[in-house]
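Chemist: One structure, pasted below without further comment.
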Amino acid sequence: MGSITLEHVNKTFGGHPVIPDVSLEIEDGEFVVFVGPSGCGKSTLLRLIAGLEDTTSGAIKLDGVDVTDKGPAHRGLAMVFQSYALYPHMTVRQNIAFPLKMANIDKAIAEQKVADAARVLNLTDYLDRKPRALSGGQRQRVAIGRAIVRQPKAFLFDEPLSNLDAALRVNMRIEITELHQQLKTTMVYVTHDQVEAMTMANRIVVLNAGRVEQFGTPLELYKSPANRFVAGFIGSPKMNFLEGAAAGKYQAEAIGVRPEHVRISRDAGEWQGKVGVAEHLGSDTFLHVHVDGVGLQTVRTGGENDYHPGEQVWLSPEPGRIYRFDRAGQALR
Amino acid sequence: MARAVSTRRKLTMTILVWLVALIVFFPILYTIITSLKTEGEAAAGFSMLPSFTFESYAAVLDQQDYFRPFFNSVVISIGSTIVALLIAVPAAWAMAFTPTPKTRDVLMWMLSTKMMPAAGVLVPMYLIFLNTGLLDTLLGLTIILTLVNLPIVVWMLYTYFKEIPVDILEAARMDGATLGKELVYVLLPMAVPGIASTLLLNVILAWNEAFWTLRLSTDDAAPLTAFIASFSSPQGQFLAKLSAASVLAILPILLLGWFSQKQLVRGLTFGAVK
Ligand SMILES: Nc1ncnc2c1ncn2[C@@H]1O[C@H](COP(=O)(O)OP(=O)(O)O)[C@@H](O)[C@H]1O
Ligand SMILES: [Mg+2]
């Protein structure tokens with residue numbers, strides 16, 4: 001079991017409220033991702049759950065039990081750090097076995113568990129090496145192995161993939177997702193990368209300046225963002241925003257339309273503009289179009305098209321795909 | 001061309017390093033040379049050529065018990081180092097990993113006690129030692145050496161602990177380690193090189209400390225510093241014997257330094273090269 005509840009959690013560093021007031025219900029077995037720009041308080045929130053930071057006020061409950069005043073060693077959670085934080089003086093075997101040793105688990109049973117974890121993570125051949133003799137990906141696996149050996153209530157990940165190269169990152173992303181499907185244990189995962197958030201999460205918490213902007217499934221966030229911040233943060237390439245007359249026509253302060261929901265034509269449309277840069281990805285092409293009186297807009301088109309820079313084009317939003325926002329940035333529905 | 005320049009540079013550097021090393025080592029070298037002279041030669045003026053006699057050593061060992069002060073030096077330098085480490089490890093740990101806004105000030109304050117001339121507190125210290133019966137006891141000297149070197153020990157350990165990523169200690173906490181287990185299984189093993197160098201350096205400093213050991217001991221607890229001093233007599237010729245006594249006193253620590261130089265250098269440059 002591993003449900004996590006935050007009730008009006010506040011964290012203040014030296015008079016500066018980094019987390020003003022967060023309440024969250026993470027259900028048992030969920031994969032929840034905290035996503036937001038750098039410095040928005042994701043790590044702080046995770047460390048509060050871990051017990052590595054004390055809350056300034058509010059309560060944290062695990063399976064309904066208040067653990068606000070318990071230290072990290074007594075919460076039964078496991079954490080994977082961005083820096084991996086392996087014990088450099090211990091072998092891989094000793095690293096993975098460390099939580100079992102701390103829990104005074106019988107040696108023979110511990111050995112069996114370490115062997116199992118090593119097999120799952122393809123580390124069997126490296127058990128007698130020290131961390132410094134491993135590659136980044138292997139170190140990451142050791143850190144995960146150390147987390148899974150003792151069946152914690154929940155796993156906490158703080159940007160675990162950001163020190164890996166792009167190709168390895170995609171692989172590890174899938175491995176962690178698979179691990180979650182196998183273990184069915186609650187996972188809380190912090191990242192600043194919305195692609196990681198969208199691909200891995202059951203539910204996403206979008207954080208901005210220590211506040212929860214929205215908490216929902218990836219598709220909920222994509223289809224009905226609660227406000228302009230979430231709309232702009234989720235989705236790649238970013239949503240196009242238009243203000244002024246273009247928005248006034250829809251009775252809104254600002255409107256947004258995703259690049260994949262903009263139609264492009266040589267003959268007619270809602271907004272006229274000139275093609276700027278074209279980014280060819282093979283499968284898709286992102287056209288950056290300068291629209292008169294509105295500014296730069298991104299359009300996602302098929303991989304093979306013959307629009308070229310300087311060409312006059314017309315853009316129009318797909319019907320029903322316009323997001324409307326009020327003056328405060330809240331979505332109008 | 002570039003190669004020729006770099007060879008010449010290397011040669012110059014080598015000569016320079018040897019020169020500096022020789023200058024630094026010269027006093028010890030000259031002490032050794034003098035200890036191998038007769039008293040007459042020693043008094044005659046500067047000369048690098050002794051007659052290689054061991055008569056001064058024989059005279060020194062004949063005149064005074066060497067073993068007793070040697071034993072005292074061992075006890076107080078090792079004893080004070082162990083006590084200092086027991087106090088300094090938790091202190092440095094606290095300051096390195098849970099610093100408060102005042103931590104820097106505390107560290108500076110501790111260091112500032114080393115800036116005060118020791119002679120300034122000689123009389124009160126002497127009176128305290130006299131009244132508590134610590135005068136001329138090994139316990140008394142161990143206490144004073146602990147106090148004298150504690151700031152340096154805390155500072156050295158603090159610097160080493162600072163190098164240990166706090167993530168690793170937090171990982172241990174997440175893995176269920178209590179404070180004691182975190183110290184024993186994670187922090188201390190990672191800090192071993194630093195602690196070892198601190199220990200070595202502190203033994204050397206304590207061994208060589210002369211101001212307090214000379215003034216707070218007379219007889220029973222007198223360490224090797226007092227052994228040397230006893231050969232500096234106001235009358236008669238004593239330079240060769242004084243040199244021989246000095247060599248006998250510094251020899252053990254010189255050997256310790258020689259055999260542990262790798263560890264010492266590694267510890268003292270820890271973090272600087274990485
Ligand atoms: N120990 C600390 N002391 C003071 N300020 C901190 C501390 N930890 C984090 N902060 C501040 O809190 C804010 C959020 O930090 P963090 O949670 O690390 O953000 P994120 O992980 O989203 O990048 C930052 O402005 C950071 O400077
Ligand atoms: Mg962070």
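Identifiers for the structure tokens are assigned positionally: chains receive A, B, ... in sequence, residues are indexed from 1 per chain, and ligands are indexed from 1 in the order shown.
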Write out as number ranges by chain every residue belonging to chain B that has an atom at most 10 Å from any atom of chain A, counting only C-alpha atoms.
Modeler: B: 165-179, 181-182, 185-187, 189-190
Chemist: Those residues with N, CA, C and O atoms, as a PDB file, in the first residue's frame please?
Modeler:
ATOM      1  N   PRO B 165      29.317  14.649  -0.988  1.00  0.00           N
ATOM      2  CA  PRO B 165      28.022  15.139  -1.452  1.00  0.00           C
ATOM      3  C   PRO B 165      26.924  14.784  -0.448  1.00  0.00           C
ATOM      4  O   PRO B 165      26.826  13.644  -0.002  1.00  0.00           O
ATOM      5  N   VAL B 166      26.113  15.751  -0.108  1.00  0.00           N
ATOM      6  CA  VAL B 166      25.085  15.554   0.910  1.00  0.00           C
ATOM      7  C   VAL B 166      24.028  14.563   0.412  1.00  0.00           C
ATOM      8  O   VAL B 166      23.413  13.847   1.202  1.00  0.00           O
ATOM      9  N   ASP B 167      23.866  14.490  -0.909  1.00  0.00           N
ATOM     10  CA  ASP B 167      22.960  13.491  -1.518  1.00  0.00           C
ATOM     11  C   ASP B 167      23.207  12.088  -0.978  1.00  0.00           C
ATOM     12  O   ASP B 167      22.277  11.324  -0.757  1.00  0.00           O
ATOM     13  N   ILE B 168      24.487  11.755  -0.820  1.00  0.00           N
ATOM     14  CA  ILE B 168      24.833  10.385  -0.424  1.00  0.00           C
ATOM     15  C   ILE B 168      24.375  10.120   1.003  1.00  0.00           C
ATOM     16  O   ILE B 168      23.867   9.047   1.317  1.00  0.00           O
ATOM     17  N   LEU B 169      24.505  11.126   1.857  1.00  0.00           N
ATOM     18  CA  LEU B 169      24.027  10.957   3.228  1.00  0.00           C
ATOM     19  C   LEU B 169      22.510  10.888   3.249  1.00  0.00           C
ATOM     20  O   LEU B 169      21.909  10.126   4.012  1.00  0.00           O
ATOM     21  N   GLU B 170      21.874  11.682   2.374  1.00  0.00           N
ATOM     22  CA  GLU B 170      20.408  11.646   2.313  1.00  0.00           C
ATOM     23  C   GLU B 170      19.935  10.299   1.781  1.00  0.00           C
ATOM     24  O   GLU B 170      18.931   9.760   2.242  1.00  0.00           O
ATOM     25  N   ALA B 171      20.692   9.749   0.822  1.00  0.00           N
ATOM     26  CA  ALA B 171      20.339   8.429   0.298  1.00  0.00           C
ATOM     27  C   ALA B 171      20.373   7.411   1.440  1.00  0.00           C
ATOM     28  O   ALA B 171      19.491   6.568   1.559  1.00  0.00           O
ATOM     29  N   ALA B 172      21.381   7.517   2.298  1.00  0.00           N
ATOM     30  CA  ALA B 172      21.482   6.582   3.426  1.00  0.00           C
ATOM     31  C   ALA B 172      20.271   6.721   4.338  1.00  0.00           C
ATOM     32  O   ALA B 172      19.705   5.738   4.798  1.00  0.00           O
ATOM     33  N   ARG B 173      19.848   7.970   4.569  1.00  0.00           N
ATOM     34  CA  ARG B 173      18.665   8.179   5.416  1.00  0.00           C
ATOM     35  C   ARG B 173      17.440   7.549   4.775  1.00  0.00           C
ATOM     36  O   ARG B 173      16.633   6.906   5.443  1.00  0.00           O
ATOM     37  N   MET B 174      17.298   7.735   3.463  1.00  0.00           N
ATOM     38  CA  MET B 174      16.152   7.139   2.766  1.00  0.00           C
ATOM     39  C   MET B 174      16.222   5.614   2.845  1.00  0.00           C
ATOM     40  O   MET B 174      15.205   4.944   2.872  1.00  0.00           O
ATOM     41  N   ASP B 175      17.441   5.081   2.847  1.00  0.00           N
ATOM     42  CA  ASP B 175      17.602   3.625   2.906  1.00  0.00           C
ATOM     43  C   ASP B 175      17.399   3.085   4.319  1.00  0.00           C
ATOM     44  O   ASP B 175      17.634   1.907   4.568  1.00  0.00           O
ATOM     45  N   GLY B 176      17.025   3.951   5.240  1.00  0.00           N
ATOM     46  CA  GLY B 176      16.671   3.479   6.571  1.00  0.00           C
ATOM     47  C   GLY B 176      17.785   3.605   7.598  1.00  0.00           C
ATOM     48  O   GLY B 176      17.672   3.069   8.695  1.00  0.00           O
ATOM     49  N   ALA B 177      18.875   4.313   7.252  1.00  0.00           N
ATOM     50  CA  ALA B 177      19.972   4.446   8.213  1.00  0.00           C
ATOM     51  C   ALA B 177      19.620   5.490   9.271  1.00  0.00           C
ATOM     52  O   ALA B 177      19.192   6.588   8.945  1.00  0.00           O
ATOM     53  N   THR B 178      19.793   5.115  10.534  1.00  0.00           N
ATOM     54  CA  THR B 178      19.641   6.099  11.596  1.00  0.00           C
ATOM     55  C   THR B 178      20.923   6.920  11.662  1.00  0.00           C
ATOM     56  O   THR B 178      21.900   6.612  10.974  1.00  0.00           O
ATOM     57  N   LEU B 179      20.916   7.949  12.499  1.00  0.00           N
ATOM     58  CA  LEU B 179      22.058   8.861  12.555  1.00  0.00           C
ATOM     59  C   LEU B 179      23.374   8.123  12.793  1.00  0.00           C
ATOM     60  O   LEU B 179      24.368   8.337  12.101  1.00  0.00           O
ATOM     61  N   LYS B 181      24.124   4.926  12.290  1.00  0.00           N
ATOM     62  CA  LYS B 181      24.507   4.049  11.181  1.00  0.00           C
ATOM     63  C   LYS B 181      24.999   4.861   9.990  1.00  0.00           C
ATOM     64  O   LYS B 181      25.909   4.450   9.279  1.00  0.00           O
ATOM     65  N   GLU B 182      24.388   6.024   9.783  1.00  0.00           N
ATOM     66  CA  GLU B 182      24.818   6.909   8.704  1.00  0.00           C
ATOM     67  C   GLU B 182      26.276   7.325   8.910  1.00  0.00           C
ATOM     68  O   GLU B 182      27.085   7.319   7.976  1.00  0.00           O
ATOM     69  N   TYR B 185      28.535   3.747   8.710  1.00  0.00           N
ATOM     70  CA  TYR B 185      28.617   3.007   7.445  1.00  0.00           C
ATOM     71  C   TYR B 185      28.876   3.877   6.228  1.00  0.00           C
ATOM     72  O   TYR B 185      29.319   3.399   5.200  1.00  0.00           O
ATOM     73  N   VAL B 186      28.523   5.156   6.312  1.00  0.00           N
ATOM     74  CA  VAL B 186      28.635   5.984   5.109  1.00  0.00           C
ATOM     75  C   VAL B 186      29.644   7.118   5.277  1.00  0.00           C
ATOM     76  O   VAL B 186      30.618   7.205   4.538  1.00  0.00           O
ATOM     77  N   LEU B 187      29.422   7.970   6.281  1.00  0.00           N
ATOM     78  CA  LEU B 187      30.282   9.147   6.374  1.00  0.00           C
ATOM     79  C   LEU B 187      31.729   8.780   6.698  1.00  0.00           C
ATOM     80  O   LEU B 187      32.656   9.180   5.986  1.00  0.00           O
ATOM     81  N   PRO B 189      33.545   5.905   6.489  1.00  0.00           N
ATOM     82  CA  PRO B 189      34.342   5.244   5.451  1.00  0.00           C
ATOM     83  C   PRO B 189      34.716   6.182   4.299  1.00  0.00           C
ATOM     84  O   PRO B 189      35.820   6.121   3.770  1.00  0.00           O
ATOM     85  N   MET B 190      33.796   7.092   3.963  1.00  0.00           N
ATOM     86  CA  MET B 190      34.111   8.014   2.871  1.00  0.00           C
ATOM     87  C   MET B 190      35.133   9.052   3.298  1.00  0.00           C
ATOM     88  O   MET B 190      35.844   9.610   2.481  1.00  0.00           O
TER      89      MET B 190
END
Chemist: As an MDAnalysis selection string, please: the residues near Ala210 in chain B (cut-off 9 Å, only C-alpha atoms, same-chain neighbours under 4 positions excluded).
Modeler: chainID B and resid 206 214:215 225:226
Chemist: Let me see the file: selected residues, all heavy atoms, as a CSV table (one decimal), in the first residue's frame.
Modeler:
chain,number,residue,atom,x,y,z
B,206,ALA,N,51.3,17.7,17.8
B,206,ALA,CA,51.3,17.4,19.2
B,206,ALA,C,52.7,17.0,19.7
B,206,ALA,O,53.2,17.4,20.7
B,206,ALA,CB,50.3,16.4,19.6
B,214,LEU,N,56.6,22.3,27.7
B,214,LEU,CA,57.8,22.6,28.5
B,214,LEU,C,57.4,23.3,29.8
B,214,LEU,O,58.1,23.1,30.8
B,214,LEU,CB,58.7,23.6,27.7
B,214,LEU,CG,59.6,22.9,26.7
B,214,LEU,CD1,60.5,24.0,26.0
B,214,LEU,CD2,60.5,21.9,27.4
B,215,ARG,N,56.3,24.1,29.8
B,215,ARG,CA,56.0,24.9,30.9
B,215,ARG,C,55.1,24.2,31.9
B,215,ARG,O,55.0,24.5,33.1
B,215,ARG,CB,55.3,26.2,30.5
B,215,ARG,CG,56.4,27.2,30.0
B,215,ARG,CD,55.9,28.3,29.1
B,215,ARG,NE,57.0,29.0,28.6
B,215,ARG,CZ,57.7,28.7,27.6
B,215,ARG,NH1,57.5,27.5,26.9
B,215,ARG,NH2,58.7,29.4,27.2
B,225,THR,N,60.4,17.1,24.2
B,225,THR,CA,60.7,18.5,24.0
B,225,THR,C,61.5,18.9,25.3
B,225,THR,O,62.5,19.7,25.1
B,225,THR,CB,59.5,19.4,23.9
B,225,THR,OG1,58.5,19.0,24.9
B,225,THR,CG2,58.9,19.3,22.5
B,226,ALA,N,61.1,18.4,26.4
B,226,ALA,CA,61.9,18.7,27.6
B,226,ALA,C,63.2,18.0,27.6
B,226,ALA,O,64.2,18.6,28.1
B,226,ALA,CB,61.1,18.3,28.9
Chemist: Check range 120-261 of chain B with DSSP on the backbone and list each residue it calls helix (DSSP H, G or I), as a count of residues only.
Modeler: 111
Chemist: Let me see if you get this right: every residue at most 7 Å from ligand 2, counting only C-alpha atoms and all ligand atoms, written as a PyMOL selection string.
Modeler: chain A and resi 38-39+42-43+158-159
Chemist: How would the residues just picked look written out with N, CA, C and O atoms as a PDB file, in the first residue's frame?
Modeler:
ATOM      1  N   SER A  38      12.202  24.888 -14.088  1.00  0.00           N
ATOM      2  CA  SER A  38      13.256  24.794 -13.084  1.00  0.00           C
ATOM      3  C   SER A  38      13.034  25.840 -11.983  1.00  0.00           C
ATOM      4  O   SER A  38      12.703  26.983 -12.274  1.00  0.00           O
ATOM      5  N   GLY A  39      13.186  25.419 -10.730  1.00  0.00           N
ATOM      6  CA  GLY A  39      13.052  26.351  -9.608  1.00  0.00           C
ATOM      7  C   GLY A  39      11.634  26.534  -9.109  1.00  0.00           C
ATOM      8  O   GLY A  39      11.391  27.362  -8.235  1.00  0.00           O
ATOM      9  N   LYS A  42       9.565  21.655  -7.381  1.00  0.00           N
ATOM     10  CA  LYS A  42       9.293  20.223  -7.547  1.00  0.00           C
ATOM     11  C   LYS A  42      10.117  19.390  -6.573  1.00  0.00           C
ATOM     12  O   LYS A  42       9.590  18.545  -5.851  1.00  0.00           O
ATOM     13  N   SER A  43      11.426  19.644  -6.564  1.00  0.00           N
ATOM     14  CA  SER A  43      12.300  18.865  -5.683  1.00  0.00           C
ATOM     15  C   SER A  43      11.921  19.091  -4.232  1.00  0.00           C
ATOM     16  O   SER A  43      11.908  18.154  -3.432  1.00  0.00           O
ATOM     17  N   ASP A 158      13.826  11.930  -8.336  1.00  0.00           N
ATOM     18  CA  ASP A 158      14.084  13.348  -8.608  1.00  0.00           C
ATOM     19  C   ASP A 158      14.927  13.476  -9.873  1.00  0.00           C
ATOM     20  O   ASP A 158      16.135  13.289  -9.840  1.00  0.00           O
ATOM     21  N   GLU A 159      14.303  13.823 -10.975  1.00  0.00           N
ATOM     22  CA  GLU A 159      14.967  13.976 -12.272  1.00  0.00           C
ATOM     23  C   GLU A 159      16.013  12.893 -12.500  1.00  0.00           C
ATOM     24  O   GLU A 159      17.187  13.206 -12.732  1.00  0.00           O
TER      25      GLU A 159
END
Chemist: Neighbouring residues of ligand 1 are defined here as those with any atom at most 10 Å from a ligand atom, counting only C-alpha atoms and all ligand atoms; list them as a ChimeraX atom specification.
Modeler: /A:11-19,34-48,53,158-159,190-192,207-210
Chemist: Between B:Ile144, B:Ile253, B:Ala244, B:Ala96, which one has atoms that come closest to Ala84 in chain B, using only C-alpha atoms?
Modeler: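 Checking each candidate against Ala84 in chain B, we get B:Ile144 as the closest.
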Chemist: Quick one: residues within 12 Å of Gly282 in chain A, only C-alpha atoms counted, chain neighbours fewer than 5 positions away excluded, as a PyMOL selection string?
Modeler: chain A and resi 300-305
Chemist: Okay, now the selection with N, CA, C and O atoms, as an mmCIF file, in the first residue's frame?
Modeler:
data_model
loop_
_atom_site.group_PDB
_atom_site.id
_atom_site.type_symbol
_atom_site.label_atom_id
_atom_site.label_comp_id
_atom_site.auth_asym_id
_atom_site.auth_seq_id
_atom_site.Cartn_x
_atom_site.Cartn_y
_atom_site.Cartn_z
ATOM 1 N N ARG A 300 2.132 22.698 -37.433
ATOM 2 C CA ARG A 300 2.677 21.361 -37.637
ATOM 3 C C ARG A 300 2.019 20.770 -38.876
ATOM 4 O O ARG A 300 0.792 20.657 -38.958
ATOM 5 N N THR A 301 2.817 20.409 -39.875
ATOM 6 C CA THR A 301 2.281 19.823 -41.096
ATOM 7 C C THR A 301 2.970 18.489 -41.353
ATOM 8 O O THR A 301 3.882 18.108 -40.624
ATOM 9 N N GLY A 302 2.518 17.824 -42.386
ATOM 10 C CA GLY A 302 3.093 16.519 -42.728
ATOM 11 C C GLY A 302 4.562 16.632 -43.076
ATOM 12 O O GLY A 302 5.094 17.726 -43.301
ATOM 13 N N GLY A 303 5.212 15.500 -43.109
ATOM 14 C CA GLY A 303 6.641 15.475 -43.357
ATOM 15 C C GLY A 303 7.003 15.991 -44.744
ATOM 16 O O GLY A 303 8.004 16.666 -44.934
ATOM 17 N N GLU A 304 6.168 15.676 -45.709
ATOM 18 C CA GLU A 304 6.491 16.118 -47.068
ATOM 19 C C GLU A 304 5.535 17.213 -47.496
ATOM 20 O O GLU A 304 4.361 16.981 -47.742
ATOM 21 N N ASN A 305 6.026 18.413 -47.576
ATOM 22 C CA ASN A 305 5.213 19.529 -48.080
ATOM 23 C C ASN A 305 6.136 20.470 -48.817
ATOM 24 O O ASN A 305 7.347 20.424 -48.638
#
Chemist: Could you go through range 130-232 of chain A and tell me which residues DSSP, when run on the backbone, assigns to strand (DSSP E), listing them as a PyMOL selection string?
Modeler: chain A and resi 154-158+186-191+203-208+211-216
Chemist: Could you tell me which of B:Tyr160, B:Phe70, B:Trp18, B:Phe129 comes closest to Ala249 in chain B if we count only C-alpha atoms?
Modeler: B:Phe70
